[in-house]
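J.: To be precise about what I am sending: the file is called my_file_31.pdb and holds PDB, C-alpha atoms.
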```pdb
ATOM      1  CA  MET A   2      36.957  -9.298   5.059
ATOM      2  CA  LEU A   3      33.822  -7.318   4.220
ATOM      3  CA  THR A   4      33.906  -3.576   3.655
ATOM      4  CA  PRO A   5      31.676  -1.443   5.914
ATOM      5  CA  ALA A   6      29.161  -1.074   3.061
ATOM      6  CA  GLU A   7      29.078  -4.853   2.481
ATOM      7  CA  THR A   8      28.642  -5.483   6.195
ATOM      8  CA  ILE A   9      25.713  -3.067   6.318
ATOM      9  CA  VAL A  10      23.985  -4.746   3.377
ATOM     10  CA  SER A  11      24.465  -8.206   4.890
ATOM     11  CA  GLN A  12      22.655  -7.389   8.157
ATOM     12  CA  ARG A  13      18.912  -7.965   8.760
ATOM     13  CA  LEU A  14      18.444  -5.458  11.582
ATOM     14  CA  CYS A  15      19.810  -2.177  12.791
ATOM     15  CA  TYR A  16      19.528  -0.466  16.145
ATOM     16  CA  LEU A  17      18.513   3.160  15.764
ATOM     17  CA  GLU A  18      19.340   5.512  18.618
ATOM     18  CA  THR A  19      17.563   8.844  18.779
ATOM     19  CA  THR A  20      17.538  11.494  21.488
ATOM     20  CA  GLY A  21      14.318  11.503  23.488
ATOM     21  CA  ARG A  22      12.422  14.696  22.719
ATOM     22  CA  MET A  23      11.122  14.968  26.311
ATOM     23  CA  THR A  24      13.950  13.442  28.361
ATOM     24  CA  GLY A  25      17.001  14.181  26.239
ATOM     25  CA  LYS A  26      18.136  10.613  26.940
ATOM     26  CA  PRO A  27      19.172   8.043  24.314
ATOM     27  CA  HIS A  28      16.303   5.926  22.974
ATOM     28  CA  GLU A  29      17.178   2.767  21.007
ATOM     29  CA  VAL A  30      14.849   0.715  18.813
ATOM     30  CA  GLU A  31      15.432  -2.386  16.691
ATOM     31  CA  MET A  32      14.504  -1.699  13.086
ATOM     32  CA  TRP A  33      14.234  -3.208   9.663
ATOM     33  CA  PHE A  34      16.300  -1.171   7.222
ATOM     34  CA  ALA A  35      17.717  -1.254   3.734
ATOM     35  CA  ALA A  36      20.868   0.344   2.408
ATOM     36  CA  ASP A  37      20.515   2.078  -0.944
ATOM     37  CA  PRO A  38      22.941   0.333  -3.311
ATOM     38  CA  ASP A  39      22.992   3.434  -5.537
ATOM     39  CA  ALA A  40      23.758   5.835  -2.666
ATOM     40  CA  PRO A  41      26.384   4.442  -0.284
ATOM     41  CA  GLY A  42      25.755   5.682   3.217
ATOM     42  CA  THR A  43      22.000   6.109   2.759
ATOM     43  CA  LEU A  44      19.680   3.886   4.762
ATOM     44  CA  TYR A  45      15.918   3.757   4.464
ATOM     45  CA  LEU A  46      13.444   2.750   7.177
ATOM     46  CA  LEU A  47       9.663   2.482   7.081
ATOM     47  CA  SER A  48       7.564   3.398  10.096
ATOM     48  CA  GLY A  49       4.414   1.284  10.069
ATOM     49  CA  GLY A  50       3.091   3.465  12.880
ATOM     50  CA  GLY A  51       3.779   6.606  10.882
ATOM     51  CA  GLU A  52       4.133   9.802  12.880
ATOM     52  CA  ARG A  53       2.868   8.106  16.062
ATOM     53  CA  ARG A  54       6.141   6.290  16.760
ATOM     54  CA  ASP A  55       8.397   7.837  19.393
ATOM     55  CA  TRP A  56      11.487   7.396  17.247
ATOM     56  CA  VAL A  57       9.842   9.406  14.444
ATOM     57  CA  LYS A  58       8.821  12.150  16.883
ATOM     58  CA  ASN A  59      12.375  12.204  18.227
ATOM     59  CA  ILE A  60      13.788  12.608  14.700
ATOM     60  CA  ARG A  61      11.406  15.496  14.108
ATOM     61  CA  ARG A  62      12.955  17.186  17.160
ATOM     62  CA  SER A  63      16.588  16.291  16.429
ATOM     63  CA  SER A  64      17.893  14.734  13.237
ATOM     64  CA  ALA A  65      21.136  13.535  14.850
ATOM     65  CA  VAL A  66      21.047   9.746  15.225
ATOM     66  CA  SER A  67      23.333   6.809  15.849
ATOM     67  CA  VAL A  68      22.861   3.489  14.072
ATOM     68  CA  ARG A  69      24.351   0.202  15.236
ATOM     69  CA  ILE A  70      24.687  -2.379  12.478
ATOM     70  CA  GLY A  71      26.496  -5.579  13.322
ATOM     71  CA  ASP A  72      29.462  -4.633  15.484
ATOM     72  CA  ALA A  73      29.765  -1.093  14.122
ATOM     73  CA  ARG A  74      28.125   2.140  15.223
ATOM     74  CA  TYR A  75      27.636   5.027  12.817
ATOM     75  CA  LEU A  76      26.608   8.619  13.379
ATOM     76  CA  GLY A  77      24.093  10.017  10.965
ATOM     77  CA  SER A  78      21.426  12.522  10.134
ATOM     78  CA  ALA A  79      17.825  11.351   9.740
ATOM     79  CA  ARG A  80      14.986  12.976   7.839
ATOM     80  CA  ILE A  81      11.387  12.235   7.047
ATOM     81  CA  VAL A  82      11.151  11.579   3.311
ATOM     82  CA  PRO A  83       8.563  13.774   1.572
ATOM     83  CA  PRO A  84       5.678  11.584   0.366
ATOM     84  CA  ALA A  85       5.164  10.747  -3.297
ATOM     85  CA  GLY A  86       8.644  11.793  -4.442
ATOM     86  CA  SER A  87      11.392   9.696  -5.977
ATOM     87  CA  ALA A  88      13.138   9.142  -2.602
ATOM     88  CA  ASP A  89       9.831   7.985  -1.102
ATOM     89  CA  ARG A  90       9.367   5.468  -3.919
ATOM     90  CA  ARG A  91      12.992   4.330  -3.601
ATOM     91  CA  ALA A  92      12.626   3.756   0.147
ATOM     92  CA  ARG A  93       9.541   1.605  -0.348
ATOM     93  CA  GLU A  94      11.125  -0.391  -3.169
ATOM     94  CA  ILE A  95      14.351  -1.339  -1.415
ATOM     95  CA  VAL A  96      12.847  -2.018   2.028
ATOM     96  CA  ALA A  97       9.959  -4.067   0.577
ATOM     97  CA  ALA A  98      12.376  -5.965  -1.675
ATOM     98  CA  LYS A  99      14.616  -6.862   1.263
ATOM     99  CA  TYR A 100      11.902  -7.989   3.678
ATOM    100  CA  GLN A 101       8.941  -8.957   1.526
ATOM    101  CA  GLY A 102      10.460 -10.111  -1.746
ATOM    102  CA  TRP A 103       8.915  -7.216  -3.670
ATOM    103  CA  SER A 104      10.036  -6.737  -7.278
ATOM    104  CA  ALA A 105       9.223  -4.243 -10.019
ATOM    105  CA  GLY A 106       5.767  -4.670 -11.465
ATOM    106  CA  GLN A 107       4.274  -6.023  -8.238
ATOM    107  CA  PRO A 108       1.990  -3.971  -6.018
ATOM    108  CA  PHE A 109       3.319  -2.979  -2.622
ATOM    109  CA  SER A 110       1.933  -4.610   0.511
ATOM    110  CA  GLN A 111      -0.225  -2.390   2.685
ATOM    111  CA  TRP A 112       2.726  -1.916   5.071
ATOM    112  CA  ALA A 113       5.110  -0.896   2.284
ATOM    113  CA  ARG A 114       2.493   1.360   0.697
ATOM    114  CA  GLU A 115       1.265   3.174   3.832
ATOM    115  CA  SER A 116       4.322   3.415   6.095
ATOM    116  CA  LEU A 117       6.207   6.661   6.641
ATOM    117  CA  ALA A 118       9.577   6.644   4.876
ATOM    118  CA  VAL A 119      12.666   7.847   6.746
ATOM    119  CA  ALA A 120      16.165   8.315   5.307
ATOM    120  CA  ILE A 121      19.392   8.289   7.278
ATOM    121  CA  GLU A 122      22.648   9.608   5.858
ATOM    122  CA  LEU A 123      25.528   7.894   7.642
ATOM    123  CA  GLU A 124      28.676   9.925   8.200
ATOM    124  CA  GLY A 125      31.760   8.691   6.427
ATOM    125  CA  LEU A 126      30.066   6.248   4.033
ATOM    126  CA  ALA A 127      28.831   8.561   1.260
ATOM    127  CA  THR A 128      30.763   8.695  -1.974
TER     128      THR A 128
END
```
Please express what this file holds, its structure, as structure tokens.
T.:
Amino acid sequence: MLTPAETIVSQRLCYLETTGRMTGKPHEVEMWFAADPDAPGTLYLLSGGGERRDWVKNIRRSSAVSVRIGDARYLGSARIVPPAGSADRRAREIVAAKYQGWSAGQPFSQWARESLAVAIELEGLAT
């Protein structure tokens, strides 16, 4: 049987639920994500639409999120990752590696280079 961390890593998609900034109602989107192997409980997402995406705007209003991965649902706290820092670089590396086969020494794709990085800290999975 897989541990929760192993289950998270094995999944291709997650379902991110934010609270609508205008309606206050749950808003769920299917997302690519990557779990940080060096920081259990930390997920990274890249928003190709940057700040224009509703889910990003919702996170700006309220950082409380829910993430469904496989059969499990986790509560968490989301944040926009400051650009050009080490967390920003880490987000791009692990998401691009998972979905685009990126590896060290290669340039990022336009999507991986220009997307807005978002981090989610899942409750109960941090070490």
J.: Care to translate the PyMOL selection byres ((chain A and resi 28) around 12) into actual residues of this file, as a ChimeraX atom specification?
T.: /A:16-27,29-31,54-60,66-68
J.: List the residues sitting within 12 Å of (9.7, 15.6, 10.3) in the file's frame, using only C-alpha atoms, as a PDB file with C-alpha atoms, keeping the file's coordinate frame.
T.:
```
ATOM      1  CA  GLY A  51       3.779   6.606  10.882  1.00  0.00           C
ATOM      2  CA  GLU A  52       4.133   9.802  12.880  1.00  0.00           C
ATOM      3  CA  ARG A  53       2.868   8.106  16.062  1.00  0.00           C
ATOM      4  CA  ARG A  54       6.141   6.290  16.760  1.00  0.00           C
ATOM      5  CA  TRP A  56      11.487   7.396  17.247  1.00  0.00           C
ATOM      6  CA  VAL A  57       9.842   9.406  14.444  1.00  0.00           C
ATOM      7  CA  LYS A  58       8.821  12.150  16.883  1.00  0.00           C
ATOM      8  CA  ASN A  59      12.375  12.204  18.227  1.00  0.00           C
ATOM      9  CA  ILE A  60      13.788  12.608  14.700  1.00  0.00           C
ATOM     10  CA  ARG A  61      11.406  15.496  14.108  1.00  0.00           C
ATOM     11  CA  ARG A  62      12.955  17.186  17.160  1.00  0.00           C
ATOM     12  CA  SER A  63      16.588  16.291  16.429  1.00  0.00           C
ATOM     13  CA  SER A  64      17.893  14.734  13.237  1.00  0.00           C
ATOM     14  CA  ALA A  79      17.825  11.351   9.740  1.00  0.00           C
ATOM     15  CA  ARG A  80      14.986  12.976   7.839  1.00  0.00           C
ATOM     16  CA  ILE A  81      11.387  12.235   7.047  1.00  0.00           C
ATOM     17  CA  VAL A  82      11.151  11.579   3.311  1.00  0.00           C
ATOM     18  CA  PRO A  83       8.563  13.774   1.572  1.00  0.00           C
ATOM     19  CA  PRO A  84       5.678  11.584   0.366  1.00  0.00           C
ATOM     20  CA  LEU A 117       6.207   6.661   6.641  1.00  0.00           C
ATOM     21  CA  ALA A 118       9.577   6.644   4.876  1.00  0.00           C
ATOM     22  CA  VAL A 119      12.666   7.847   6.746  1.00  0.00           C
ATOM     23  CA  ALA A 120      16.165   8.315   5.307  1.00  0.00           C
TER      24      ALA A 120
END
```
J.: As a check of understanding, name the residues that the PyMOL selection byres ((chain A and resi 124) around 9) selects in the supplied structure, as a PyMOL selection string.
T.: chain A and resi 42+75-78+122-123+125-127
J.: Separation of atom CA of Phe109 of chain A and atom CA of Gly49 of chain A, in Å?
T.: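 Interatomic distance, atom CA of Phe109 of chain A to atom CA of Gly49 of chain A: 13.4 Å.
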J.: Please write as a short mmCIF file (atom, residue, chain, number, x, y, z; two decimals) with C-alpha atoms, in the coordinates of the input the full residue list that the PyMOL selection byres ((chain A and resi 44) around 6) yields on this file.
T.:
```cif
data_model
loop_
_atom_site.label_atom_id
_atom_site.label_comp_id
_atom_site.auth_asym_id
_atom_site.auth_seq_id
_atom_site.Cartn_x
_atom_site.Cartn_y
_atom_site.Cartn_z
CA ALA A 35 17.72 -1.25 3.73
CA ALA A 36 20.87 0.34 2.41
CA THR A 43 22.00 6.11 2.76
CA TYR A 45 15.92 3.76 4.46
CA ALA A 120 16.16 8.32 5.31
CA ILE A 121 19.39 8.29 7.28
#
```
